[in-house]
Amino acid sequence: MVFTNGAVYTVDAARRWARAVAVRGGRIVAVGTDDDVRDLVGPKTEVHDLKGRMLLPGFQDAHCHPPSAGLQMIQCDLSDAYTAAEYARIVRQYAVEHPDEEWIQGGGWSMDAFPGGTPTRDVLDRLVPDRPAFLPNRDGHGAWVNSKALELAGITGETPDPPDGRIERDERGEPTGTLHEGAMDLVEKLMPPVSEEDMEKGLRAAQEYLHSLGITAWQDAIVGGSYPSLEAYVSAAGKGELTARVVGALWWDRHRGGEQIEELIEKRDRSSVGRFRATTVKIMQDGVVENFTAGVLEPYLDRNRKPTANRGLSFVDPELLKGHVTRLDAEGFQVHFHALAERAVREVLDAIEAARRANRMNDNRHHIAHIQVVHPDDIPRFRELGVVANAQPLWATFDGQMEHLTIPFLGPERATWQYPFAALVRSGAMLAFGSDWFVSSPNPMWEMAIAVNRMAPATYRNVFGERATKEAFLPGERLDLATAIHAFTMGSAYVNHLDDMTGSIEAGKHADLVVVRENLFDLGLDDLAEAKVLLTLVEGDPVFTDPSFG
Ligand SMILES: [Zn+2]
């Protein structure tokens, strides 16, 4: 296969451009001018005149949850709609098309589509009168249920709120159809468990969608947890149905200690199949800022800007964490950390430092995902300790959540330490990009548009369905497009130890490639967000072809 007359952005070390690429046996065999590949064209060669369109290495997502996200896509998926009327239409249609399903499951609705953010059961009863329906909202902290679901769970006006949740009620105390936080469990525990088969279906739907966005590899941020996603990957990979390259991060059970390491090794050993391997361990060190569970150094402020006593959580004791990370590192595991705020980030860096001291520097490429708030003193430590910054650029916008739920409680100084992507790059840290899909969109074009502008495109909505303002969020942390593309290709390939064979367009590497309709370097914020992938190849095989590509 030969591509000519293209804007080929290679993402090689010199960030070279080329016009033509030749592929044979799944490998890139030549990169250069149209003349350079002319002699390679034989009678059986497929030649594509790109007419100036862009050719890039396939994108790689460094942190996402495809099997569960895909499962939501093929269930009653409300995540692409924003009004109560659209939700009603989707739920009704789904119920009609799936008469045999015992439960209506799915979700992804947005709170601001309903008065007070709480949809009611009477509406859902008209759409689904015959069986229980359970539909969590976009951020997963509340669910919309119908009367059948409430009945099955025995929830009435008499039912007390559980200690960790709330049943939404009318003035007579009767449940109205929204369950908050822990109250969701009252219904959720009655639902059929997610089977391996469901997870595999979800994985297939997710893979198809991700390929359509130009994604050829990813790191799954939780496998081996409460859902059978590890089994789904191993099964799909064994049948040759996993066309993407995937590294799975094995879930660290924070209620247990080092004794689980033997099990993790056993899971790693039996899970390397086809394009899948589970060579990473995921440790969640804190919660999130919006509900004050992210670990901060100085306490959160209250509504009157006065310090509270709350410094958030450390899910793993920082001293124990040093020991666990040192052992995992010695066993050759990469550790993928979840750390949102500055104390958690520091605890994780301290643990990696302890591991480096005990085991010396190695090539395990530990990485910290989310990094919402990073203390300025810790920025250089990423580079010093060889830690990859695994960033979710879509979150770095100035929207209502940032303005009302985050900045006031962090305080003015600390609020400026958020999403310090440019500072990390300047310090020499390796930057990788990931979406955290299903939490937020996996579309690399949206993510890169925001990374470059720190502003949301017109089509963007946050997890609450809000548009972001047209004000740039900490514009000093904008990245140039070349750096953003690098983070989504070589940066994430580095995290997955795939950078020797993928991540750039160079002779000898796998032909994991993407054709994009536009040259991304020509585009402003809104056009960049809408740029379109036309063809995605993994090892030279088309895994997505847009009808307009020809
Ligand atoms: Zn995640």
# chains A, B, ... in the order shown; residues from 1 in each chain; ligands from 1
>>> residues_around(residues="Asn364 (chain A)", least_positions_apart="5", cutoff="12 Å", atoms="only C-alpha atoms", output="count of residues only")
26
>>> residues_near_ligand(ligand="ligand 1", cutoff="6 Å", atoms="only C-alpha atoms and all ligand atoms", output="list in words")
Cys64, Ala221 and Asp436 of chain A
>>> residues_around(residues="region 126-128 of chain A", least_positions_apart="4", cutoff="9 Å", atoms="only C-alpha atoms", output="PyMOL selection string")
chain A and resi 88-89+91-93+95+104+121-122+132-133+146+148
>>> write_last_selection(atoms="all heavy atoms", output="CSV table (one decimal), in the first residue's frame")
chain,number,residue,atom,x,y,z
A,88,ALA,N,-36.5,10.9,26.4
A,88,ALA,CA,-37.7,10.2,26.3
A,88,ALA,C,-37.8,9.4,25.0
A,88,ALA,O,-38.1,8.2,25.0
A,88,ALA,CB,-38.9,11.1,26.4
A,89,ARG,N,-37.4,10.0,23.9
A,89,ARG,CA,-37.4,9.4,22.6
A,89,ARG,C,-36.5,8.2,22.6
A,89,ARG,O,-36.8,7.1,22.2
A,89,ARG,CB,-37.0,10.4,21.5
A,89,ARG,CG,-37.1,9.8,20.1
A,89,ARG,CD,-36.6,10.8,19.1
A,89,ARG,NE,-35.2,11.3,19.3
A,89,ARG,CZ,-34.1,10.5,19.2
A,89,ARG,NH1,-34.2,9.3,18.7
A,89,ARG,NH2,-32.9,11.0,19.5
A,91,VAL,N,-35.2,6.4,25.2
A,91,VAL,CA,-35.6,5.4,26.1
A,91,VAL,C,-36.8,4.6,25.5
A,91,VAL,O,-36.8,3.3,25.5
A,91,VAL,CB,-36.0,6.0,27.5
A,91,VAL,CG1,-36.6,4.9,28.4
A,91,VAL,CG2,-34.8,6.6,28.2
A,92,ARG,N,-37.8,5.3,24.9
A,92,ARG,CA,-38.9,4.6,24.4
A,92,ARG,C,-38.5,3.7,23.2
A,92,ARG,O,-38.8,2.5,23.2
A,92,ARG,CB,-39.9,5.6,23.8
A,92,ARG,CG,-41.2,4.9,23.3
A,92,ARG,CD,-42.1,5.9,22.5
A,92,ARG,NE,-42.3,7.2,23.2
A,92,ARG,CZ,-43.3,7.4,24.1
A,92,ARG,NH1,-44.2,6.4,24.4
A,92,ARG,NH2,-43.5,8.5,24.7
A,93,GLN,N,-37.6,4.2,22.4
A,93,GLN,CA,-37.2,3.4,21.2
A,93,GLN,C,-36.3,2.2,21.7
A,93,GLN,O,-36.5,1.1,21.2
A,93,GLN,CB,-36.3,4.3,20.3
A,93,GLN,CG,-35.9,3.6,19.0
A,93,GLN,CD,-35.0,4.5,18.2
A,93,GLN,OE1,-35.0,5.8,18.4
A,93,GLN,NE2,-34.3,4.0,17.2
A,95,ALA,N,-36.6,0.6,24.5
A,95,ALA,CA,-37.5,-0.4,25.2
A,95,ALA,C,-38.2,-1.2,24.1
A,95,ALA,O,-38.4,-2.4,24.2
A,95,ALA,CB,-38.5,0.3,26.1
A,104,ILE,N,-34.1,-2.2,31.8
A,104,ILE,CA,-33.6,-1.2,31.0
A,104,ILE,C,-32.4,-0.6,31.7
A,104,ILE,O,-32.5,0.1,32.7
A,104,ILE,CB,-34.7,-0.2,30.6
A,104,ILE,CG1,-35.9,-0.8,29.9
A,104,ILE,CG2,-34.1,1.0,29.8
A,104,ILE,CD1,-35.6,-1.4,28.6
A,121,ARG,N,-40.1,9.5,38.2
A,121,ARG,CA,-40.5,8.2,37.8
A,121,ARG,C,-41.7,8.1,36.9
A,121,ARG,O,-41.8,7.3,36.0
A,121,ARG,CB,-40.7,7.3,39.0
A,121,ARG,CG,-41.8,7.7,39.9
A,121,ARG,CD,-42.1,6.7,40.9
A,121,ARG,NE,-42.8,7.2,42.1
A,121,ARG,CZ,-43.5,6.4,42.8
A,121,ARG,NH1,-43.7,5.2,42.6
A,121,ARG,NH2,-44.1,7.0,43.9
A,122,ASP,N,-42.6,9.1,37.1
A,122,ASP,CA,-43.9,9.1,36.3
A,122,ASP,C,-43.6,9.2,34.8
A,122,ASP,O,-44.2,8.5,33.9
A,122,ASP,CB,-44.9,10.1,36.7
A,122,ASP,CG,-44.3,11.5,36.9
A,122,ASP,OD1,-43.2,11.6,37.5
A,122,ASP,OD2,-44.8,12.5,36.3
A,132,PRO,N,-38.3,-3.1,35.2
A,132,PRO,CA,-37.5,-2.0,35.9
A,132,PRO,C,-36.5,-1.3,35.0
A,132,PRO,O,-36.0,-1.9,34.1
A,132,PRO,CB,-36.8,-2.8,37.0
A,132,PRO,CG,-36.8,-4.3,36.5
A,132,PRO,CD,-38.0,-4.4,35.7
A,133,ALA,N,-36.3,0.0,35.3
A,133,ALA,CA,-35.4,0.8,34.5
A,133,ALA,C,-34.5,1.5,35.5
A,133,ALA,O,-34.9,2.0,36.5
A,133,ALA,CB,-36.1,1.8,33.6
A,146,ASN,N,-37.6,3.9,37.5
A,146,ASN,CA,-39.1,3.9,37.4
A,146,ASN,C,-39.7,3.2,38.6
A,146,ASN,O,-39.0,2.7,39.5
A,146,ASN,CB,-39.5,3.3,36.0
A,146,ASN,CG,-39.2,1.8,35.9
A,146,ASN,OD1,-38.6,1.2,36.8
A,146,ASN,ND2,-39.5,1.2,34.8
A,148,LYS,N,-41.4,0.4,38.8
A,148,LYS,CA,-41.1,-1.1,38.8
A,148,LYS,C,-39.8,-1.3,39.6
A,148,LYS,O,-39.6,-2.2,40.4
A,148,LYS,CB,-40.9,-1.6,37.4
A,148,LYS,CG,-42.3,-2.1,36.9
A,148,LYS,CD,-42.5,-3.6,37.2
A,148,LYS,CE,-43.7,-4.2,36.5
A,148,LYS,NZ,-45.0,-3.8,37.1
>>> select_by_dssp(residues="region 365-492 of chain A", states="strand (DSSP E or B)", output="tab-separated table (two decimals) with N, CA and C atoms, in the first residue's frame")
chain	number	residue	atom	x	y	z
A	367	HIS	N	3.46	6.03	35.82
A	367	HIS	CA	2.78	7.25	35.38
A	367	HIS	C	1.66	7.65	36.33
A	368	ILE	N	1.40	8.95	36.37
A	368	ILE	CA	0.36	9.48	37.26
A	368	ILE	C	-0.73	10.10	36.40
A	369	ALA	N	-1.94	9.56	36.52
A	369	ALA	CA	-3.07	10.07	35.75
A	369	ALA	C	-3.81	11.14	36.54
A	370	HIS	N	-4.41	12.05	35.80
A	370	HIS	CA	-5.33	13.10	36.26
A	370	HIS	C	-4.60	14.39	36.65
A	373	VAL	N	-4.14	19.07	40.31
A	373	VAL	CA	-3.42	20.09	41.06
A	373	VAL	C	-2.03	19.53	41.39
A	388	VAL	N	5.91	9.53	34.00
A	388	VAL	CA	5.16	10.13	32.90
A	388	VAL	C	3.93	10.85	33.45
A	389	ALA	N	3.68	12.06	32.95
A	389	ALA	CA	2.47	12.82	33.29
A	389	ALA	C	1.36	12.37	32.35
A	390	ASN	N	0.35	11.67	32.91
A	390	ASN	CA	-0.75	11.13	32.11
A	390	ASN	C	-1.94	12.08	32.26
A	391	ALA	N	-2.10	12.97	31.28
A	391	ALA	CA	-3.02	14.10	31.43
A	391	ALA	C	-4.32	13.89	30.66
A	418	GLN	N	-3.47	24.22	38.55
A	418	GLN	CA	-4.25	23.15	37.92
A	418	GLN	C	-3.79	22.84	36.49
A	431	LEU	N	5.00	13.65	28.50
A	431	LEU	CA	3.56	13.89	28.63
A	431	LEU	C	2.80	12.90	27.75
A	432	ALA	N	1.82	12.21	28.34
A	432	ALA	CA	0.94	11.33	27.58
A	432	ALA	C	-0.49	11.84	27.76
A	433	PHE	N	-1.32	11.65	26.75
A	433	PHE	CA	-2.72	12.08	26.83
A	433	PHE	C	-3.66	10.88	26.89
>>> residues_around(residues="region 446-454 of chain A", least_positions_apart="4", cutoff="9 Å", atoms="only C-alpha atoms", output="JSON, numbers by chain")
{"A": [392, 393, 394, 395, 396, 397, 398, 421, 433, 434, 435, 441, 442, 460, 471, 472, 473, 474, 475, 477, 478, 479, 480, 481, 483, 484, 485, 488, 524, 525, 526, 527, 528, 529, 530, 531]}
>>> closest_residue(among="A:Glu86, A:Asp61, A:Glu347, A:Glu196", to="Gly491 (chain A)", atoms="only C-alpha atoms")
A:Asp61
>>> closest_residue(among="A:Asp302, A:Asp253, A:Glu259, A:Asp139", to="Ile283 (chain A)", atoms="only C-alpha atoms")
A:Asp253
